[in-house]
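A short write-up of the structure that comes next.
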Amino acid sequence: MPLPSQNDILRALGGVVIPDTNDNIVQAGMVSAISVRDGEGGSEPQIQLVIEVDPAMGEGIEVIRQNALAQVKSATGIGNVSVIMTAHKGAPSAASSKKAAAQPANPPELPQGVKTIIAVASAKGGVGKSTTAVNLALALYASGLSVGIVDADVHGPSIPRLMGLRESMEQNEAGLLIPHESMGIAAMSIGLLVPEEAPVIWRGPMIHSALKQMLHQVDWGQRDVLVLDMPPGTGDVPLSIAQHVPLTGAVIVSTPQDLALQDVRKGVAMFEKLSVPLMGMIENMSAFECPHCHGMTPIFGHGGARADAERMGIPFLGHIPLAMALRESSDAGAPVVHADPEGSYAQLYKAMATTLRGKMGLI
């Protein structure tokens with residue numbers, strides 16, 4: 001039986017009427033993502049939906065979710081259907097935004113079962129932040145901690161590829177999302193919901209809602225630490241995360257050259273203004289290691305991140321080279337700390353993890 005198309009599913013969702021109105025959720029533009037995946041190894045295909053709702057709808061939100069499930073299952077004959085509801089509110093006024101930025105309405109809380117959250121950030125794209133976040137998570141796990149990772153880079157989710165995840169999100173009977181386990185790490189990413197090649201064209205409030213759901217509406221079990229792979233930049237989304245997630249601290253990743261460091265300094269300033277402790281800085285792509293002679297060539301310079309860390313009073317965690325093995329293992333979905341746990345690169349990450357454990361008070 002051929003897989004249903006997105007148009008097939010949209011036609012089914014046209015039968016989901018918004019409570020107390022005559023409109024359906026398709027007419028209202030509430031369906032923001034549809035993913036259809038073939039089952040692997042003879043398993044049932046999977047359908048995932050993202051529906052944008054107004055929080056003011058209250059109990060109507062659950063009515064829409066249940067009706068969407070029923071309509072899609074009935075129309076497609078596929079039972080493995082999950083629906084993610086993301087709340088969207090109108091943009092607040094400039095005055096209320098400033099007030100909220102100065103003082104959040106409610107103190108942020110840790111997700112149930114989670115002891116600490118650390119952010120891995122760069123404020124600059126293309127510096128290897130996600131690769132660093134995954135290897136640090138694996139190094140923390142190797143040290144004996146129970147670890148989860150959250151892909152907060154909604155527009156460019158990398159965690160599924162880096163961790164070899166191709167499955168989609170599912171929910172338990174209580175309606176909580178179930179994180180996927182890979183290499184001992186519990187992982188959550190919007191990339192598990194939408195096809196890898198599909199862009200996520202969402203407005204700010206939708207992203208905030210999705211991130212909140214990936215943190216607080218997830219069955220994390222008991223986790224010593226969540227590693228939060230931050231989006232690049234210092235705009236609305238990174239600022240909101242840093243402000244509203246109870247971070248134990250942040251790890252800054254940069255390449256050595258000043259072009260990257262000038263953006264990273266802005267990220268450091270953001271965390272400092274929000275009183276998020278800076279746990280350390282990592283210089284990634286510190287020098288290119290020739291795969292033949294193993295000689296080091298400082299393509300992007302060398303030592304720039306360390307010099308900046310010392311100038312700003314941030315602990316320096318170490319250098320990571322630009323090496324073929326690191327790139328190949330990441331592309332293969334088997335990061336080096338997992339693929340070669342006794343190798344020299346893994347040892348660099350493990351030494352950093354030992355330092356971070358102490359800063360988190362988990363020694």
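Every chain in the structure tokens has a letter given in the order shown (A, B, ...), and although residue numbers restart at 1 in each chain, ligands are simply numbered from 1 in the order shown.
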TODO: Would you list the contacts of A:Ala242 as a ChimeraX atom specification, taking every protein, DNA or RNA residue within 12 Å and counting only C-alpha atoms, but skipping same-chain residues closer than 6 positions in sequence?
DONE: /A:101,104,108,117-121,152,208,228-231,233-236,248-250,267-278
Could you dump the residues just selected with C-alpha atoms as an mmCIF file, in the first residue's frame?
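Contents of again.cif, freshly written:
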data_model
loop_
_atom_site.group_PDB
_atom_site.id
_atom_site.type_symbol
_atom_site.label_atom_id
_atom_site.label_comp_id
_atom_site.auth_asym_id
_atom_site.auth_seq_id
_atom_site.Cartn_x
_atom_site.Cartn_y
_atom_site.Cartn_z
ATOM 1 C CA ALA A 101 12.923 40.601 29.485
ATOM 2 C CA PRO A 104 10.167 36.790 33.776
ATOM 3 C CA PRO A 108 12.025 28.955 35.324
ATOM 4 C CA ILE A 117 21.038 21.890 32.293
ATOM 5 C CA ILE A 118 24.111 23.236 30.523
ATOM 6 C CA ALA A 119 24.034 25.174 27.258
ATOM 7 C CA VAL A 120 26.603 24.674 24.520
ATOM 8 C CA ALA A 121 26.632 27.920 22.562
ATOM 9 C CA ALA A 152 17.442 23.830 20.438
ATOM 10 C CA HIS A 208 9.501 29.033 21.871
ATOM 11 C CA LEU A 228 21.258 22.073 25.349
ATOM 12 C CA ASP A 229 22.615 22.591 21.826
ATOM 13 C CA MET A 230 21.874 26.308 21.409
ATOM 14 C CA PRO A 231 20.959 28.028 18.142
ATOM 15 C CA GLY A 233 23.290 34.202 17.320
ATOM 16 C CA THR A 234 22.001 36.389 20.138
ATOM 17 C CA GLY A 235 18.545 37.097 18.755
ATOM 18 C CA ASP A 236 15.088 36.431 20.103
ATOM 19 C CA THR A 248 23.459 25.752 35.464
ATOM 20 C CA GLY A 249 25.947 27.306 33.073
ATOM 21 C CA ALA A 250 27.086 27.718 29.483
ATOM 22 C CA GLY A 267 27.193 35.615 23.112
ATOM 23 C CA VAL A 268 29.368 35.857 26.197
ATOM 24 C CA ALA A 269 27.925 39.311 26.926
ATOM 25 C CA MET A 270 24.374 37.924 26.581
ATOM 26 C CA PHE A 271 24.986 35.201 29.149
ATOM 27 C CA GLU A 272 26.715 37.638 31.502
ATOM 28 C CA LYS A 273 23.790 40.089 31.362
ATOM 29 C CA LEU A 274 21.418 37.252 32.244
ATOM 30 C CA SER A 275 23.696 36.036 35.075
ATOM 31 C CA VAL A 276 24.276 32.620 33.472
ATOM 32 C CA PRO A 277 27.635 31.272 34.701
ATOM 33 C CA LEU A 278 30.212 30.739 31.960
#
- [ ] Find the spatial neighbours of stretch 141-144 of chain A, counting only C-alpha atoms, within a cut-off of 12 Å - ignore same-chain residues fewer than 5 positions away - and output them as number ranges by chain.
- [x] A: 134-136, 149, 182-186, 223-227, 337-338, 341-342, 346-347, 349-358, 362-363
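Counting only C-alpha atoms and comparing A:Pro291, A:Gly60, A:Pro246, A:Pro321, the residue that lies closest to A:Val16 is A:Gly60.
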TODO: Name all residues at most 12 Å from A:Ser74 (count only C-alpha atoms; drop same-chain ones fewer than 2 positions away) and give them as a list in words.
DONE: Asp8, Ile9, Arg11, Ala12, Leu13, Gly15, Asn67, Ala68, Leu69, Ala70, Gln71, Val72, Thr76, Gly77, Ile78, Gly79, Asn80 and Val81 of chain A
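Here atom CA of A:Ala75 stands at a distance of 13.2 Å from atom CA of A:Pro2.
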Task: Contacts of A:Gly29 within 12 Å, only C-alpha atoms, excl. fewer than 2 positions in-chain, as a PyMOL selection string - done: chain A and resi 10+13-14+18+23-27+31-33+50-53
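Pairwise distance (atom CA of A:Gly164, atom CA of A:Met281) equals 26.8 Å.
Across the structure, atom CA of A:Val251 and atom CA of A:Ser330 are spaced 19.9 Å apart.
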- [ ] Run DSSP on the backbone and grab whatever in stretch 136-348 of chain A lands in helix (DSSP H, G or I); send it over as a ChimeraX atom specification.
- [x] /A:136-142,159-162,190-192,204-216,236-244,258-273,304-312,324-331,336-339,344-348
Give me the stretch 97-159 of chain A side of the contact with stretch 210-220 of chain A, cut-off 8 Å, one line per residue showing its nearest atom pair and distance in Å at one decimal, counting only C-alpha atoms, sorted by chain and residue number, as CSV.
residue,atom,partner,partner_atom,distance
A:Leu110,CA,A:His216,CA,8.0
A:Pro111,CA,A:His216,CA,5.0
A:Gln112,CA,A:His216,CA,7.1
A:Gly113,CA,A:Trp220,CA,6.4
A:Val114,CA,A:Trp220,CA,7.3
A:Gly148,CA,A:Trp220,CA,7.7
A:Val150,CA,A:Met214,CA,7.3
A:Ala152,CA,A:Leu211,CA,6.5
Task: Selection: 9 Å around A:Met324, only C-alpha atoms, excl. self and same-chain fewer than 6 positions, as number ranges by chain - done: A: 288-291
Would you save the residues from that selection as a compact mmCIF listing (two decimals), in the first residue's frame, using N, CA and C atoms?
# COMPACT_ATOMS: atom_id res chain seq x y z
N PHE A 288 44.51 22.25 11.68
CA PHE A 288 44.21 21.12 10.82
C PHE A 288 45.26 20.04 11.00
N GLU A 289 44.79 18.83 11.28
CA GLU A 289 45.70 17.69 11.43
C GLU A 289 45.74 16.90 10.13
N CYS A 290 46.90 16.85 9.49
CA CYS A 290 47.06 16.11 8.24
C CYS A 290 46.80 14.62 8.50
N PRO A 291 45.91 13.99 7.74
CA PRO A 291 45.62 12.57 7.98
C PRO A 291 46.77 11.64 7.61
TODO: Please identify all polymer residues within 8 Å of A:Ile159, counting only C-alpha atoms, omitting same-chain residues fewer than 3 positions from it, and present them as a ChimeraX atom specification.
DONE: /A:130,134,151,162-163,165,187,189,191
Could those residues be written to a file, using C-alpha atoms, as a tab-separated table (two decimals), in the first residue's frame?
chain	number	residue	atom	x	y	z
A	130	SER	CA	26.66	20.73	17.59
A	134	VAL	CA	27.19	15.71	21.19
A	151	ASP	CA	18.51	20.21	19.94
A	162	LEU	CA	25.13	13.37	14.45
A	163	MET	CA	23.57	10.65	16.60
A	165	LEU	CA	18.70	8.95	14.54
A	187	ALA	CA	17.81	12.85	22.56
A	189	SER	CA	15.10	17.34	18.31
A	191	GLY	CA	14.58	17.20	13.30
Task: Secondary structure check, strand (DSSP E) residues of stretch 40-261 of chain A, as a ChimeraX atom specification - done: /A:46-53,81-87,114-121,147-151,170-171,177-178,180-182,185-189,223-229,249-254
- [ ] Identify, on the basis of only C-alpha atoms, every residue whose closest approach to A:Gln6 does not exceed 8 Å; exclude the query and any residue fewer than 6 positions from it along the same chain; express the result as an NGL selection string.
- [x] :A and (34-36)
Those residues with C-alpha atoms, as a short mmCIF file (atom, residue, chain, number, x, y, z; two decimals), in the first residue's frame please?
data_model
loop_
_atom_site.label_atom_id
_atom_site.label_comp_id
_atom_site.auth_asym_id
_atom_site.auth_seq_id
_atom_site.Cartn_x
_atom_site.Cartn_y
_atom_site.Cartn_z
CA ILE A 34 3.48 17.08 8.21
CA SER A 35 5.94 14.20 8.10
CA VAL A 36 5.29 10.77 6.59
#
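If only C-alpha atoms are the atoms counted, then among A:Ile84, A:Glu310, A:Thr21, A:Leu177 the closest residue to A:Gln48 is A:Ile84.
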